[in-house]
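What follows is the content of upload-v3.cif (mmCIF, C-alpha atoms).
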```
data_input
loop_
_atom_site.label_atom_id
_atom_site.label_comp_id
_atom_site.auth_asym_id
_atom_site.auth_seq_id
_atom_site.Cartn_x
_atom_site.Cartn_y
_atom_site.Cartn_z
CA ASN A 290 17.70 115.49 -10.73
CA THR A 291 18.71 111.77 -10.75
CA PHE A 292 17.74 109.90 -13.91
CA GLY A 293 16.29 106.39 -13.71
CA HIS A 294 16.79 104.13 -10.65
CA SER A 295 13.05 103.78 -10.19
CA GLU A 296 13.45 100.79 -7.84
CA ILE A 297 15.74 102.77 -5.51
CA LYS A 298 13.34 105.71 -5.54
CA LYS A 299 10.48 103.37 -4.64
CA GLY A 300 12.59 101.95 -1.79
CA LEU A 301 13.34 105.43 -0.47
CA LEU A 302 9.63 106.24 -0.61
CA LEU A 303 8.96 103.15 1.55
CA LEU A 304 11.74 104.34 3.89
CA LEU A 305 10.04 107.74 4.25
CA ALA A 306 6.63 106.13 4.90
CA GLY A 307 7.96 103.53 7.35
CA GLY A 308 6.22 100.61 9.02
CA VAL A 309 4.03 100.57 12.12
CA HIS A 310 5.70 100.66 15.54
CA LYS A 311 4.26 98.00 17.83
CA THR A 312 4.55 97.11 21.52
CA THR A 313 3.95 93.55 22.73
CA ALA A 314 2.01 92.60 25.85
CA ASP A 315 5.33 92.18 27.68
CA GLY A 316 6.31 95.78 26.85
CA ILE A 317 8.85 94.84 24.15
CA ARG A 318 8.95 97.35 21.30
CA LEU A 319 9.01 96.08 17.72
CA ARG A 320 10.85 98.22 15.20
CA GLY A 321 8.81 99.95 12.53
CA ASP A 322 11.57 101.98 10.87
CA ILE A 323 13.08 100.69 7.62
CA ASN A 324 16.85 100.56 7.06
CA VAL A 325 18.18 100.81 3.50
CA CYS A 326 21.69 100.30 2.12
CA ILE A 327 22.80 101.33 -1.39
CA THR A 328 25.99 99.86 -2.84
CA GLY A 329 27.46 99.63 -6.31
CA ASP A 330 29.84 101.11 -8.82
CA PRO A 331 31.28 104.63 -8.44
CA SER A 332 29.48 107.65 -9.96
CA THR A 333 26.02 106.03 -9.79
CA ALA A 334 24.38 108.80 -7.68
CA LYS A 335 24.55 106.96 -4.34
CA SER A 336 25.44 110.10 -2.39
CA GLN A 337 22.81 112.08 -4.33
CA PHE A 338 20.07 109.90 -2.86
CA LEU A 339 21.41 110.51 0.66
CA GLN A 340 21.63 114.27 0.08
CA TYR A 341 18.05 114.40 -1.22
CA VAL A 342 16.61 112.47 1.74
CA HIS A 343 18.62 114.66 4.13
CA GLY A 344 17.18 117.78 2.51
CA PHE A 345 13.67 116.29 2.42
CA PHE A 346 13.54 115.88 6.23
CA GLU A 347 15.40 119.04 7.15
CA THR A 348 14.43 119.04 10.84
CA ARG A 349 14.61 115.28 11.46
CA ALA A 350 17.53 114.09 9.32
CA VAL A 351 21.22 113.91 10.22
CA TYR A 352 24.01 113.42 7.67
CA ALA A 353 27.22 111.68 8.70
CA SER A 354 30.27 110.23 6.96
CA GLY A 355 31.47 106.80 8.00
CA LYS A 356 35.18 107.57 7.65
CA ALA A 357 35.02 110.69 9.83
CA SER A 358 32.59 109.28 12.42
CA SER A 359 33.49 107.39 15.58
CA ALA A 360 31.32 105.16 17.75
CA ALA A 361 30.76 107.96 20.25
CA GLY A 362 29.92 110.43 17.47
CA LEU A 363 27.25 108.13 16.07
CA THR A 364 25.69 107.02 19.39
CA ALA A 365 26.50 109.16 22.46
CA ALA A 366 29.50 110.33 24.45
CA VAL A 367 30.08 111.04 28.15
CA GLN A 368 31.91 114.33 28.67
CA ARG A 369 32.90 116.33 31.73
CA ASP A 370 31.05 119.65 31.94
CA ALA A 371 33.46 122.58 31.86
CA ASP A 372 31.48 124.69 34.37
CA THR A 373 30.27 122.22 36.99
CA GLY A 374 32.86 119.48 36.54
CA GLU A 375 30.15 116.79 36.44
CA TYR A 376 29.78 114.17 33.75
CA CYS A 377 27.04 114.65 31.17
CA ILE A 378 25.84 112.86 28.03
CA GLU A 379 26.35 114.45 24.62
CA ALA A 380 24.03 113.19 21.89
CA GLY A 381 25.40 111.59 18.74
CA ALA A 382 24.00 111.41 15.22
CA LEU A 383 21.55 108.54 15.90
CA MET A 384 20.16 110.25 19.01
CA LEU A 385 19.74 113.55 17.15
CA ALA A 386 17.89 111.72 14.37
CA ASP A 387 15.29 110.28 16.77
CA ASN A 388 11.96 109.83 14.95
CA GLY A 389 13.76 110.73 11.74
CA ILE A 390 16.43 109.45 9.35
CA CYS A 391 20.20 109.12 9.79
CA CYS A 392 22.09 109.19 6.47
CA ILE A 393 25.55 107.59 6.68
CA ASP A 394 27.81 107.90 3.65
CA GLU A 395 30.94 105.75 3.13
CA PHE A 396 29.42 103.17 5.48
CA ASP A 397 32.03 100.54 4.54
CA LYS A 398 34.90 102.83 5.60
CA MET A 399 33.86 102.71 9.26
CA ASP A 400 36.12 100.80 11.65
CA PRO A 401 34.68 97.41 12.70
CA THR A 402 34.70 98.52 16.34
CA ASP A 403 32.58 101.56 15.42
CA GLN A 404 30.17 99.40 13.39
CA VAL A 405 29.53 97.25 16.47
CA ALA A 406 28.31 100.34 18.36
CA ILE A 407 25.28 100.76 16.08
CA HIS A 408 24.08 97.13 16.30
CA GLU A 409 21.78 97.94 19.20
CA ALA A 410 20.56 101.18 17.63
CA MET A 411 19.63 99.46 14.35
CA GLU A 412 17.48 96.69 15.86
CA GLN A 413 16.42 97.58 19.42
CA GLN A 414 16.49 101.33 18.61
CA THR A 415 18.06 102.21 21.96
CA ILE A 416 21.54 103.26 23.04
CA SER A 417 22.79 101.92 26.39
CA ILE A 418 25.58 103.80 28.18
CA THR A 419 27.47 102.70 31.30
CA LYS A 420 30.36 105.11 31.79
CA ALA A 421 31.73 107.32 34.56
CA GLY A 422 28.96 106.42 36.99
CA ILE A 423 26.25 107.15 34.41
CA GLN A 424 23.90 104.32 33.45
CA ALA A 425 21.25 105.28 30.90
CA THR A 426 19.20 103.86 28.03
CA LEU A 427 18.45 106.46 25.38
CA ASN A 428 16.06 106.34 22.42
CA ALA A 429 17.39 106.14 18.86
CA ARG A 430 14.20 105.46 16.88
CA ALA A 431 15.73 106.38 13.54
CA SER A 432 15.79 104.84 10.08
CA ILE A 433 19.29 104.38 8.66
CA LEU A 434 20.05 105.12 5.01
CA ALA A 435 23.59 104.01 4.21
CA ALA A 436 25.77 104.13 1.10
CA ALA A 437 28.71 101.74 0.73
CA ASN A 438 31.33 101.14 -1.95
CA PRO A 439 32.42 97.63 -3.01
CA ILE A 440 35.72 96.23 -1.74
CA TYR A 441 37.37 96.17 -5.15
CA GLY A 442 36.20 99.62 -6.29
CA ARG A 443 33.70 98.19 -8.78
CA TYR A 444 31.03 95.58 -8.08
CA ASP A 445 32.11 92.07 -9.09
CA ARG A 446 29.06 90.26 -10.50
CA THR A 447 30.69 86.84 -10.20
CA LYS A 448 30.71 87.10 -6.40
CA THR A 449 27.95 87.30 -3.81
CA LEU A 450 26.83 90.46 -2.03
CA LYS A 451 28.74 89.56 1.15
CA ALA A 452 31.97 89.05 -0.84
CA ASN A 453 31.59 92.48 -2.47
CA VAL A 454 30.84 94.60 0.62
CA ALA A 455 33.05 94.90 3.70
CA LEU A 456 30.17 94.58 6.18
CA SER A 457 29.72 92.01 8.91
CA ALA A 458 26.88 89.46 8.94
CA PRO A 459 25.00 91.13 11.86
CA ILE A 460 25.01 94.48 10.01
CA LEU A 461 23.85 92.85 6.76
CA SER A 462 20.90 91.16 8.47
CA ARG A 463 19.73 94.45 10.02
CA PHE A 464 19.12 96.16 6.67
CA ASP A 465 15.64 95.70 5.23
CA LEU A 466 16.55 96.64 1.64
CA PHE A 467 19.81 96.30 -0.27
CA PHE A 468 20.20 98.01 -3.64
CA VAL A 469 23.10 97.18 -5.96
CA VAL A 470 23.67 99.90 -8.59
CA LEU A 471 25.63 98.76 -11.63
CA ASP A 472 27.19 101.00 -14.26
CA ASP A 473 26.30 99.22 -17.50
CA CYS A 474 27.40 100.43 -20.93
CA ASN A 475 24.18 100.84 -22.90
CA PRO A 476 24.13 103.38 -25.78
CA GLN A 477 20.42 104.20 -25.42
CA ALA A 478 20.58 104.57 -21.63
CA ASP A 479 23.80 106.59 -21.84
CA ARG A 480 22.19 108.98 -24.32
CA ARG A 481 19.14 109.51 -22.08
CA VAL A 482 21.32 110.05 -19.00
CA ALA A 483 23.52 112.57 -20.83
CA GLN A 484 20.47 114.47 -22.14
CA HIS A 485 18.95 114.55 -18.63
CA ILE A 486 22.16 115.87 -17.04
CA LEU A 487 22.52 118.56 -19.69
CA ASN A 488 18.88 119.58 -19.20
CA VAL A 489 19.60 119.98 -15.48
CA HIS A 490 22.63 122.17 -16.28
CA ARG A 491 20.51 124.21 -18.74
CA SER A 492 17.67 124.60 -16.22
CA LYS A 493 17.90 128.41 -16.28
CA TRP A 494 17.03 128.49 -19.99
CA ASN A 495 14.98 125.28 -20.29
CA SER A 496 12.29 125.76 -17.63
CA ARG A 497 9.75 123.42 -19.28
CA ASP A 498 11.77 120.24 -18.76
CA ASP A 499 10.68 117.59 -16.22
CA ALA A 500 14.11 117.68 -14.61
CA VAL A 501 13.38 121.22 -13.43
CA ASN A 502 9.60 121.02 -12.98
CA PRO A 503 8.68 117.64 -11.43
CA PRO A 504 5.00 116.59 -11.24
CA PHE A 505 4.87 117.27 -7.48
CA THR A 506 6.64 119.92 -5.45
CA LYS A 507 8.73 119.11 -2.40
CA GLU A 508 6.12 120.68 -0.10
CA GLN A 509 3.34 118.52 -1.59
CA MET A 510 5.43 115.38 -1.09
CA GLN A 511 6.19 116.33 2.52
CA ARG A 512 2.48 116.90 3.21
CA TYR A 513 1.61 113.54 1.62
CA ILE A 514 4.27 111.67 3.65
CA ARG A 515 3.12 113.32 6.88
CA PHE A 516 -0.47 112.28 6.19
CA CYS A 517 0.27 108.67 5.18
CA ARG A 518 2.39 108.15 8.32
CA THR A 519 -0.77 108.68 10.39
CA VAL A 520 -2.32 105.52 8.84
CA ASN A 521 -1.76 102.33 10.87
CA PRO A 522 -2.65 99.41 8.54
CA LYS A 523 -3.59 95.99 9.94
CA ILE A 524 -2.43 92.66 8.45
CA THR A 525 -5.35 90.61 7.12
CA GLU A 526 -5.59 86.81 7.42
CA GLU A 527 -4.94 86.31 3.70
CA SER A 528 -1.88 88.56 3.83
CA ARG A 529 -0.62 86.58 6.82
CA ARG A 530 -0.79 83.35 4.79
CA VAL A 531 1.06 84.98 1.87
CA LEU A 532 3.79 86.26 4.20
CA VAL A 533 4.27 82.83 5.76
CA ASP A 534 4.43 81.21 2.31
CA CYS A 535 6.95 83.76 0.97
CA TYR A 536 9.18 83.35 4.01
CA ARG A 537 9.05 79.55 3.73
CA LYS A 538 10.10 79.71 0.04
CA LEU A 539 12.95 82.12 0.81
CA ARG A 540 14.25 79.87 3.59
CA GLN A 541 13.99 76.83 1.36
CA GLY A 542 15.90 78.54 -1.45
CA ASP A 543 18.54 79.68 1.05
CA THR A 544 18.98 76.13 2.40
CA LEU A 545 19.36 74.62 -1.08
CA GLY A 546 21.92 77.25 -2.07
CA ARG A 547 19.79 78.92 -4.75
CA SER A 548 20.13 82.42 -3.29
CA ARG A 549 23.44 83.99 -4.34
CA SER A 550 22.59 87.61 -3.64
CA ALA A 551 21.53 87.46 0.02
CA TYR A 552 23.79 86.39 2.86
CA ARG A 553 21.24 84.46 4.94
CA ILE A 554 17.45 84.56 5.22
CA THR A 555 16.57 84.91 8.92
CA VAL A 556 13.55 85.92 10.99
CA ARG A 557 14.70 89.54 10.58
CA GLN A 558 13.91 89.27 6.88
CA LEU A 559 10.37 88.14 7.76
CA GLU A 560 9.97 91.24 9.95
CA SER A 561 11.38 93.30 7.08
CA MET A 562 8.68 91.93 4.77
CA VAL A 563 6.04 92.91 7.34
CA ARG A 564 7.43 96.46 7.60
CA LEU A 565 7.67 96.89 3.83
CA SER A 566 4.10 95.62 3.35
CA GLU A 567 2.85 98.09 5.98
CA ALA A 568 4.76 100.92 4.30
CA MET A 569 3.21 99.96 0.94
CA ALA A 570 -0.26 100.06 2.51
CA ARG A 571 0.54 103.45 4.05
CA LEU A 572 1.52 104.87 0.67
CA HIS A 573 -1.85 103.75 -0.69
CA CYS A 574 -3.57 105.11 2.47
CA ASP A 575 -5.08 101.64 2.92
CA PRO A 576 -6.14 100.62 6.47
CA HIS A 577 -5.43 96.94 5.63
CA VAL A 578 -2.32 95.22 4.25
CA GLN A 579 -3.56 93.55 1.08
CA PRO A 580 -1.91 90.38 -0.34
CA HIS A 581 -0.71 92.16 -3.51
CA TYR A 582 1.30 94.59 -1.32
CA VAL A 583 3.09 91.58 0.17
CA ARG A 584 3.80 90.07 -3.25
CA GLU A 585 5.14 93.36 -4.60
#
```

Represent the supplied structure as structure tokens.
Amino acid sequence: NTFGHSEIKKGLLLLLAGGVHKTTADGIRLRGDINVCITGDPSTAKSQFLQYVHGFFETRAVYASGKASSAAGLTAAVQRDADTGEYCIEAGALMLADNGICCIDEFDKMDPTDQVAIHEAMEQQTISITKAGIQATLNARASILAAANPIYGRYDRTKTLKANVALSAPILSRFDLFFVVLDDCNPQADRRVAQHILNVHRSKWNSRDDAVNPPFTKEQMQRYIRFCRTVNPKITEESRRVLVDCYRKLRQGDTLGRSRSAYRITVRQLESMVRLSEAMARLHCDPHVQPHYVRE
């Protein structure tokens, strides 16, 4: 029931499909899950996207709020058992969302000390605990979908992304996709949005509208996502050359100061391009990553 935002919907579809998990010869695991952050002006349906994804993966999605969540609540906590008196580990949101999606709203309202706790979970996809005689490394193979508000309430277009969002550089580099939603005043767009919202409110009487009857049902989409996640596409030689060329151009533009939207282009962004290309191939059920997936 959200009008427009086709780019964000495409990004969420790539998030649901995900990339291919890999393990190197040394036993090091390479992340295949895609992390997405949505920021922008108020009342632009940021929380609606999180609620939809949470309802789409009912068994493997966890919803959390950044303001009301602590580091232990997001990762794991060591508690003393009331019956035996021994220490035990209680799972947090990222552990409960293993092999699924963790939706974090009000991501910018988290304390900086709590944001540091999810650094390891976002890249290495593990949670290490050394407390009360317990030393453990737990799996947190989850995609993170976050929504954040700008520092000044509304997004300032004259400033860069880093100056608008209260997130540290390590957190910014761990997100594969950033979406900035702006609330522009456009009479035609405002009319279409208002008509769409009223059609949603009149859904009981207006059952023929696309807002009530989408082309595909939720069950059909879930079946399609489950099937396409079984495809493990391989990167072709031509796609490899396109990826290297794209990364070289991004680094060159970053060095010359042409890029005002991104904070820094690092090797993580190259891995993000690989994951997004694999997710695009999965959505097309293609066993090979074609060059036009990389360019898109």

* **Residue contacts of His577 of chain A (8 Å, all atoms listed in the file) excluding same-chain residues fewer than 3 positions away, as a PyMOL selection string** => chain A and resi 522-525+570

Please report, as lines of an AutoDock Vina configuration file, the centre and edge lengths in Å to one decimal of an axis-aligned box covering all listed atoms of segment 465-471 of chain A with 3 Å per side.
```
center_x = 20.6
center_y = 97.8
center_z = -3.2
size_x = 16.0
size_y = 10.2
size_z = 22.9
```

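Reported to one decimal place, the separation of atom CA of Ile486 of chain A from atom CA of Ser332 of chain A is 13.1 Å.
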
* To do: Can you work out which one of A:Ile323, A:Leu304, A:Ile440, A:Leu450 has the shortest atom-to-atom distance to Gln558 of chain A, counting all atoms listed in the file?
  =>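 Using all atoms listed in the file, the shortest distance to Gln558 of chain A belongs to A:Ile323.
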
* From A:Ser528, A:Thr402, A:Gln368, A:Asn453, residue lying nearest Lys420 of chain A [all atoms listed in the file] -> A:Gln368

* Name the residues captured by the PyMOL selection byres ((chain A and resi 408) around 12) when it is applied to the shown file; answer as a PyMOL selection string. => chain A and resi 360+363-364+383+401-407+409-417+429+433+457-464

* To one decimal place, how far is atom CA of Leu471 of chain A from atom CA of Gly329 of chain A in Å? ->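 According to the coordinates, atom CA of Leu471 of chain A and atom CA of Gly329 of chain A are separated by 5.7 Å.
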
* Asked: Can you tell me how far atom CA of Val469 of chain A sits from atom CA of Cys392 of chain A, in Å to one decimal?
  -> 17.3 Å

* To do: Please provide as a VMD selection string all residues within 10 Å of segment 535-537 of chain A, with the sequence filter that same-chain residues fewer than 2 positions apart are discarded (counting all atoms listed in the file).
  => chain A and resid 529 to 533 539 to 543 554 to 556 558 to 560 562 583 to 584

* Structure fact -> Of A:Gly362, A:Pro580, A:Gly307, A:Pro503, the one nearest to Met399 of chain A when counting all atoms listed in the file is A:Gly362

* To do: Report as a list in words the full result of the PyMOL selection byres ((chain A and resi 379) around 7) when it is applied to this structure.
  =>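 Checked against the file, the PyMOL selection byres ((chain A and resi 379) around 7) matches Ala365, Ala366, Val367, Gln368, Cys377, Ile378, Ala380 and Gly381 of chain A.
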
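The set of residues that the PyMOL selection byres ((chain A and resi 390) around 10) takes from this file is Leu304, Leu305, Asp322, Ile323, Asn324, Val342, His343, Phe346, Glu347, Thr348, Arg349, Ala350, Val351, Tyr352, Ala382, Leu383, Leu385, Ala386, Asp387, Asn388, Gly389, Cys391, Cys392, Ile393, Arg430, Ala431, Ser432, Ile433 and Leu434 of chain A.
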
* Structure fact -> Closest of A:Asp394, A:Leu303, A:Leu319, A:Tyr376 to Ala421 of chain A, counting all atoms listed in the file, is A:Tyr376

* **Using all atoms listed in the file: which of A:Val520, A:Asp472, A:Ile317, A:Ala483 has the shortest distance to Arg443 of chain A** =>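 Under the stated criterion, the closest residue is A:Asp472.
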
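Excluding segment 517-519 of chain A itself and same-chain residues fewer than 6 positions from it, the residues having an atom within 10 Å of it are Leu305, Ala306, Gly307, Gly308, Val309, Ala568, Ala570, Arg571, Leu572, His573, Cys574 and Asp575 of chain A, counting all atoms listed in the file.
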
* **Shortest interatomic distance to Val578 of chain A - which of A:Arg491, A:Arg564, A:Lys398, A:His485, counting only C-alpha atoms** =>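 Of A:Arg491, A:Arg564, A:Lys398, A:His485, the one nearest Val578 of chain A, counting only C-alpha atoms, is A:Arg564.
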
* To do: For Tyr582 of chain A, list every protein, DNA or RNA residue within 6 Å, evaluated using all atoms listed in the file, and leave out those in the same chain fewer than 3 positions away; present the list as a list in words.
  =>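 Counting only the stated atoms, we get Ser566, Gln579 and Glu585 of chain A.
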
With C-alpha atoms retained, output segment 392-474 of chain A as a PDB file, in the first residue's frame.
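Everything below was put into part.pdb:
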```pdb
ATOM      1  CA  CYS A 392      14.630  -4.753  10.864  1.00  0.00           C
ATOM      2  CA  ILE A 393      15.919  -1.897  13.042  1.00  0.00           C
ATOM      3  CA  ASP A 394      13.864   1.292  13.139  1.00  0.00           C
ATOM      4  CA  GLU A 395      15.213   4.619  14.471  1.00  0.00           C
ATOM      5  CA  PHE A 396      18.729   3.356  13.778  1.00  0.00           C
ATOM      6  CA  ASP A 397      20.264   6.807  14.318  1.00  0.00           C
ATOM      7  CA  LYS A 398      18.823   7.029  17.860  1.00  0.00           C
ATOM      8  CA  MET A 399      21.020   4.170  19.103  1.00  0.00           C
ATOM      9  CA  ASP A 400      23.835   5.061  21.496  1.00  0.00           C
ATOM     10  CA  PRO A 401      27.291   4.990  19.852  1.00  0.00           C
ATOM     11  CA  THR A 402      28.412   2.292  22.300  1.00  0.00           C
ATOM     12  CA  ASP A 403      25.482   0.101  21.217  1.00  0.00           C
ATOM     13  CA  GLN A 404      26.242   0.721  17.528  1.00  0.00           C
ATOM     14  CA  VAL A 405      29.774  -0.608  18.041  1.00  0.00           C
ATOM     15  CA  ALA A 406      28.331  -3.938  19.238  1.00  0.00           C
ATOM     16  CA  ILE A 407      26.845  -4.732  15.816  1.00  0.00           C
ATOM     17  CA  HIS A 408      30.026  -4.028  13.806  1.00  0.00           C
ATOM     18  CA  GLU A 409      31.084  -7.665  13.981  1.00  0.00           C
ATOM     19  CA  ALA A 410      27.580  -8.958  13.280  1.00  0.00           C
ATOM     20  CA  MET A 411      27.209  -6.806  10.147  1.00  0.00           C
ATOM     21  CA  GLU A 412      30.448  -7.901   8.437  1.00  0.00           C
ATOM     22  CA  GLN A 413      31.755 -11.152   9.952  1.00  0.00           C
ATOM     23  CA  GLN A 414      28.197 -12.293  10.817  1.00  0.00           C
ATOM     24  CA  THR A 415      29.265 -13.692  14.184  1.00  0.00           C
ATOM     25  CA  ILE A 416      28.840 -12.531  17.776  1.00  0.00           C
ATOM     26  CA  SER A 417      31.766 -13.151  20.150  1.00  0.00           C
ATOM     27  CA  ILE A 418      31.088 -13.250  23.897  1.00  0.00           C
ATOM     28  CA  THR A 419      33.658 -13.410  26.704  1.00  0.00           C
ATOM     29  CA  LYS A 420      31.805 -12.882  29.973  1.00  0.00           C
ATOM     30  CA  ALA A 421      31.458 -14.658  33.323  1.00  0.00           C
ATOM     31  CA  GLY A 422      33.694 -17.552  32.300  1.00  0.00           C
ATOM     32  CA  ILE A 423      31.772 -18.095  29.049  1.00  0.00           C
ATOM     33  CA  GLN A 424      33.687 -17.779  25.779  1.00  0.00           C
ATOM     34  CA  ALA A 425      31.583 -18.401  22.675  1.00  0.00           C
ATOM     35  CA  THR A 426      31.249 -17.365  19.029  1.00  0.00           C
ATOM     36  CA  LEU A 427      27.650 -17.410  17.854  1.00  0.00           C
ATOM     37  CA  ASN A 428      26.195 -17.131  14.343  1.00  0.00           C
ATOM     38  CA  ALA A 429      24.308 -14.008  13.273  1.00  0.00           C
ATOM     39  CA  ARG A 430      23.912 -14.585   9.521  1.00  0.00           C
ATOM     40  CA  ALA A 431      21.210 -11.964   9.100  1.00  0.00           C
ATOM     41  CA  SER A 432      20.543  -9.138   6.673  1.00  0.00           C
ATOM     42  CA  ILE A 433      19.968  -5.773   8.354  1.00  0.00           C
ATOM     43  CA  LEU A 434      17.279  -3.391   7.118  1.00  0.00           C
ATOM     44  CA  ALA A 435      17.588  -0.081   8.960  1.00  0.00           C
ATOM     45  CA  ALA A 436      15.648   3.184   8.886  1.00  0.00           C
ATOM     46  CA  ALA A 437      17.282   6.404  10.079  1.00  0.00           C
ATOM     47  CA  ASN A 438      16.165  10.023  10.338  1.00  0.00           C
ATOM     48  CA  PRO A 439      18.420  12.958   9.372  1.00  0.00           C
ATOM     49  CA  ILE A 440      20.144  14.970  12.097  1.00  0.00           C
ATOM     50  CA  TYR A 441      18.203  18.159  11.397  1.00  0.00           C
ATOM     51  CA  GLY A 442      14.769  16.542  11.044  1.00  0.00           C
ATOM     52  CA  ARG A 443      14.672  17.048   7.276  1.00  0.00           C
ATOM     53  CA  TYR A 444      17.341  16.037   4.772  1.00  0.00           C
ATOM     54  CA  ASP A 445      19.640  18.926   3.823  1.00  0.00           C
ATOM     55  CA  ARG A 446      20.483  18.599   0.118  1.00  0.00           C
ATOM     56  CA  THR A 447      23.402  21.013   0.352  1.00  0.00           C
ATOM     57  CA  LYS A 448      25.319  18.605   2.597  1.00  0.00           C
ATOM     58  CA  THR A 449      26.731  15.129   2.044  1.00  0.00           C
ATOM     59  CA  LEU A 450      25.162  11.899   3.282  1.00  0.00           C
ATOM     60  CA  LYS A 451      27.598  11.617   6.205  1.00  0.00           C
ATOM     61  CA  ALA A 452      26.762  15.174   7.341  1.00  0.00           C
ATOM     62  CA  ASN A 453      23.022  14.385   7.301  1.00  0.00           C
ATOM     63  CA  VAL A 454      23.030  11.065   9.195  1.00  0.00           C
ATOM     64  CA  ALA A 455      24.408  10.509  12.703  1.00  0.00           C
ATOM     65  CA  LEU A 456      26.190   7.257  11.819  1.00  0.00           C
ATOM     66  CA  SER A 457      29.872   6.454  12.148  1.00  0.00           C
ATOM     67  CA  ALA A 458      32.121   5.712   9.168  1.00  0.00           C
ATOM     68  CA  PRO A 459      32.467   1.959   9.960  1.00  0.00           C
ATOM     69  CA  ILE A 460      28.659   1.589  10.060  1.00  0.00           C
ATOM     70  CA  LEU A 461      28.235   3.531   6.802  1.00  0.00           C
ATOM     71  CA  SER A 462      30.729   1.313   4.973  1.00  0.00           C
ATOM     72  CA  ARG A 463      28.933  -1.869   6.081  1.00  0.00           C
ATOM     73  CA  PHE A 464      25.669  -0.998   4.318  1.00  0.00           C
ATOM     74  CA  ASP A 465      25.397  -2.204   0.727  1.00  0.00           C
ATOM     75  CA  LEU A 466      22.569   0.156  -0.294  1.00  0.00           C
ATOM     76  CA  PHE A 467      21.633   3.612   0.970  1.00  0.00           C
ATOM     77  CA  PHE A 468      18.316   5.146  -0.053  1.00  0.00           C
ATOM     78  CA  VAL A 469      17.572   8.830   0.539  1.00  0.00           C
ATOM     79  CA  VAL A 470      13.827   9.586   0.409  1.00  0.00           C
ATOM     80  CA  LEU A 471      12.980  13.233  -0.215  1.00  0.00           C
ATOM     81  CA  ASP A 472       9.577  14.845   0.241  1.00  0.00           C
ATOM     82  CA  ASP A 473       9.285  17.028  -2.862  1.00  0.00           C
ATOM     83  CA  CYS A 474       6.308  19.296  -3.557  1.00  0.00           C
TER      84      CYS A 474
END
```
